[in-house]
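What follows is one structure encoded as structure tokens, with my remarks underneath.
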Amino acid sequence: MSKKVENSLLFIWIVSIVATLGSLYFSEIRGYEPCKMCWIQRIFMYPIVIMTTIAFIQKNARIALTTAVFAIMGGSVSLYHYGIQKLSFLSESAPSCGMVSCTGQYINWLGFITIPFLALTAFILIIGASFYLMKAVKAE
């Protein structure tokens, strides 16, 4: 396994572990109860940590397609979730999310950084690194 491939796997792992620890920080330490859409985003992010840990230990870069698929699905949910928080025409038709509203914003740093935005950023980084990894493996 080349150093590029190894570093790409490590990058995906670092991004996913930071996102996972960040989500746990917001819910377990700050006490922000996640809405249903936040849970769905977690369902797509948390396995990426486990998959890339195992792939890194096994030196298996073929996991890139799987991480890309998980990140695309999770990123799609994050993008929609961010949209219903920030776009009035989407928030008016937002689905009922149960006890915690999906349109609520626990954080709003700089007027645009919310928890779904942070998740979307992580998913985009993972998608980019996954495609780079697929290309690097193909070139080897």
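Within each chain, counting starts at residue 1; across the structure tokens, chains are named A, B, ... in the order shown, with ligands numbered 1 upward in that order.
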Name the residues in contact with A:Met45 at a cut-off of 7 Å, using only C-alpha atoms, excluding same-chain residues fewer than 3 positions from it; report them as a ChimeraX atom specification. /A:16,20,41-42,48,74
Write out as a PyMOL selection string the set of residues from stretch 22-140 of chain A that DSSP, computed on the backbone, places in alpha helix (DSSP H). chain A and resi 22-24+36-58+64-86+88-91+115-139
Env of A:Phe11: 10 Å cut, atoms = only C-alpha atoms, seq-sep filter 4 positions within chain, self excluded. Answer as a VMD selection string. chain A and resid 5 to 7 15 to 17 52 125 to 126 129 to 130
File dump, residues just selected, all heavy atoms, as a PDB file, in the first residue's frame:
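See result-v2.pdb below for the written result:
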ATOM      1  N   VAL A   5      -2.219   6.222  -0.408  1.00  0.00           N
ATOM      2  CA  VAL A   5      -3.405   5.431  -0.081  1.00  0.00           C
ATOM      3  C   VAL A   5      -3.561   5.335   1.435  1.00  0.00           C
ATOM      4  O   VAL A   5      -4.658   5.519   1.974  1.00  0.00           O
ATOM      5  CB  VAL A   5      -3.305   4.028  -0.731  1.00  0.00           C
ATOM      6  CG1 VAL A   5      -4.380   3.102  -0.213  1.00  0.00           C
ATOM      7  CG2 VAL A   5      -3.375   4.144  -2.243  1.00  0.00           C
ATOM      8  N   GLU A   6      -2.473   5.075   2.109  1.00  0.00           N
ATOM      9  CA  GLU A   6      -2.513   4.974   3.569  1.00  0.00           C
ATOM     10  C   GLU A   6      -2.946   6.298   4.201  1.00  0.00           C
ATOM     11  O   GLU A   6      -3.778   6.314   5.111  1.00  0.00           O
ATOM     12  CB  GLU A   6      -1.125   4.571   4.080  1.00  0.00           C
ATOM     13  CG  GLU A   6      -1.118   4.124   5.513  1.00  0.00           C
ATOM     14  CD  GLU A   6       0.245   3.580   5.919  1.00  0.00           C
ATOM     15  OE1 GLU A   6       0.950   2.994   5.079  1.00  0.00           O
ATOM     16  OE2 GLU A   6       0.590   3.755   7.101  1.00  0.00           O
ATOM     17  N   ASN A   7      -2.414   7.402   3.706  1.00  0.00           N
ATOM     18  CA  ASN A   7      -2.785   8.712   4.237  1.00  0.00           C
ATOM     19  C   ASN A   7      -4.242   9.051   3.943  1.00  0.00           C
ATOM     20  O   ASN A   7      -4.911   9.698   4.755  1.00  0.00           O
ATOM     21  CB  ASN A   7      -1.866   9.797   3.683  1.00  0.00           C
ATOM     22  CG  ASN A   7      -0.476   9.737   4.281  1.00  0.00           C
ATOM     23  OD1 ASN A   7      -0.270   9.158   5.349  1.00  0.00           O
ATOM     24  ND2 ASN A   7       0.492  10.317   3.592  1.00  0.00           N
ATOM     25  N   VAL A  15     -11.456  12.342   9.931  1.00  0.00           N
ATOM     26  CA  VAL A  15     -12.665  13.149   9.731  1.00  0.00           C
ATOM     27  C   VAL A  15     -13.872  12.464  10.377  1.00  0.00           C
ATOM     28  O   VAL A  15     -14.659  13.108  11.079  1.00  0.00           O
ATOM     29  CB  VAL A  15     -12.923  13.410   8.228  1.00  0.00           C
ATOM     30  CG1 VAL A  15     -14.289  14.040   7.999  1.00  0.00           C
ATOM     31  CG2 VAL A  15     -11.829  14.295   7.650  1.00  0.00           C
ATOM     32  N   SER A  16     -14.006  11.164  10.175  1.00  0.00           N
ATOM     33  CA  SER A  16     -15.169  10.454  10.722  1.00  0.00           C
ATOM     34  C   SER A  16     -15.119  10.375  12.246  1.00  0.00           C
ATOM     35  O   SER A  16     -16.157  10.501  12.899  1.00  0.00           O
ATOM     36  CB  SER A  16     -15.320   9.072  10.094  1.00  0.00           C
ATOM     37  OG  SER A  16     -14.221   8.255  10.396  1.00  0.00           O
ATOM     38  N   ILE A  17     -13.926  10.201  12.823  1.00  0.00           N
ATOM     39  CA  ILE A  17     -13.841  10.124  14.287  1.00  0.00           C
ATOM     40  C   ILE A  17     -14.095  11.494  14.916  1.00  0.00           C
ATOM     41  O   ILE A  17     -14.753  11.600  15.950  1.00  0.00           O
ATOM     42  CB  ILE A  17     -12.508   9.490  14.775  1.00  0.00           C
ATOM     43  CG1 ILE A  17     -12.597   9.088  16.253  1.00  0.00           C
ATOM     44  CG2 ILE A  17     -11.335  10.414  14.619  1.00  0.00           C
ATOM     45  CD1 ILE A  17     -13.340   7.855  16.534  1.00  0.00           C
ATOM     46  N   THR A  52     -13.252   2.184   8.471  1.00  0.00           N
ATOM     47  CA  THR A  52     -11.908   2.669   8.137  1.00  0.00           C
ATOM     48  C   THR A  52     -10.872   2.214   9.160  1.00  0.00           C
ATOM     49  O   THR A  52      -9.707   2.040   8.798  1.00  0.00           O
ATOM     50  CB  THR A  52     -11.870   4.199   7.983  1.00  0.00           C
ATOM     51  OG1 THR A  52     -12.427   4.813   9.138  1.00  0.00           O
ATOM     52  CG2 THR A  52     -12.620   4.633   6.743  1.00  0.00           C
ATOM     53  N   LEU A 125     -15.924  16.028   2.907  1.00  0.00           N
ATOM     54  CA  LEU A 125     -14.500  15.680   3.000  1.00  0.00           C
ATOM     55  C   LEU A 125     -14.287  14.178   2.794  1.00  0.00           C
ATOM     56  O   LEU A 125     -13.340  13.758   2.111  1.00  0.00           O
ATOM     57  CB  LEU A 125     -13.934  16.123   4.350  1.00  0.00           C
ATOM     58  CG  LEU A 125     -13.788  17.634   4.556  1.00  0.00           C
ATOM     59  CD1 LEU A 125     -13.429  17.936   6.009  1.00  0.00           C
ATOM     60  CD2 LEU A 125     -12.763  18.217   3.606  1.00  0.00           C
ATOM     61  N   ILE A 126     -15.165  13.376   3.375  1.00  0.00           N
ATOM     62  CA  ILE A 126     -15.049  11.920   3.232  1.00  0.00           C
ATOM     63  C   ILE A 126     -15.322  11.501   1.784  1.00  0.00           C
ATOM     64  O   ILE A 126     -14.623  10.636   1.248  1.00  0.00           O
ATOM     65  CB  ILE A 126     -15.989  11.197   4.225  1.00  0.00           C
ATOM     66  CG1 ILE A 126     -15.490  11.421   5.659  1.00  0.00           C
ATOM     67  CG2 ILE A 126     -16.092   9.709   3.903  1.00  0.00           C
ATOM     68  CD1 ILE A 126     -16.462  10.994   6.734  1.00  0.00           C
ATOM     69  N   ALA A 129     -12.210  12.426  -0.266  1.00  0.00           N
ATOM     70  CA  ALA A 129     -11.093  11.520   0.036  1.00  0.00           C
ATOM     71  C   ALA A 129     -11.364  10.111  -0.486  1.00  0.00           C
ATOM     72  O   ALA A 129     -10.438   9.432  -0.945  1.00  0.00           O
ATOM     73  CB  ALA A 129     -10.832  11.488   1.538  1.00  0.00           C
ATOM     74  N   SER A 130     -12.611   9.679  -0.447  1.00  0.00           N
ATOM     75  CA  SER A 130     -12.960   8.345  -0.949  1.00  0.00           C
ATOM     76  C   SER A 130     -12.747   8.253  -2.452  1.00  0.00           C
ATOM     77  O   SER A 130     -12.194   7.264  -2.947  1.00  0.00           O
ATOM     78  CB  SER A 130     -14.410   8.001  -0.599  1.00  0.00           C
ATOM     79  OG  SER A 130     -14.587   7.911   0.793  1.00  0.00           O
TER      80      SER A 130
END
Taking only C-alpha atoms into account, name the residue in A:Ile54, A:Ala68, A:Ser27, A:His81 that is nearest to A:Ala119.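 Once distances to A:Ala119 are computed over only C-alpha atoms, the minimum belongs to A:His81.
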Among the residues A:Val137, A:Leu120, A:Ile113, A:Leu65, the one that comes closest to A:Ala19 [using only C-alpha atoms]: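 Smallest distance to A:Ala19 is found for A:Leu120.
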For A:Cys102: contacts at 8 Å, only C-alpha atoms, fewer than 3 positions along chain excluded, given as a list in words: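 Residues meeting the cut-off are Cys35, Lys36, Met37, His81, Ile84, Gln85, Ala94, Ser96 and Cys97 of chain A.
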One number please: atom CA of A:Lys138 to atom CA of A:Phe44, in Å, one decimal.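 Rounded to one decimal, the two atoms are 25.4 Å apart.
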Surrounding residues of stretch 28-31 of chain A excluding itself and chain neighbours under 5 positions, 12 Å, only C-alpha atoms, as a list in words: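 So the residues in contact are Thr20, Leu21, Gly22, Ser23, Tyr106 and Ile107 of chain A.
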Find the residue from A:Ala136, A:Ile57, A:Val49, A:Ile63 that sits nearest to A:Val18; use only C-alpha atoms when measuring.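 Looking at the shortest contact to A:Val18, the residue is A:Val49.
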Mind pulling up the distance from atom CA of A:Leu133 to atom CA of A:Ile72?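 Value for the atom CA of A:Ile72-atom CA of A:Leu133 distance: 15.2 Å.
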Tell me which protein, DNA and RNA residues are within 6 Å of A:Ala71, counting only C-alpha atoms, leaving out same-chain ones fewer than 4 positions away, and put them as a ChimeraX atom specification. /A:67,75,123,127
State, in Å with one decimal place, the distance from atom CA of A:Ile12 to atom CA of A:Tyr25.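 Interatomic distance, atom CA of A:Ile12 to atom CA of A:Tyr25: 19.7 Å.
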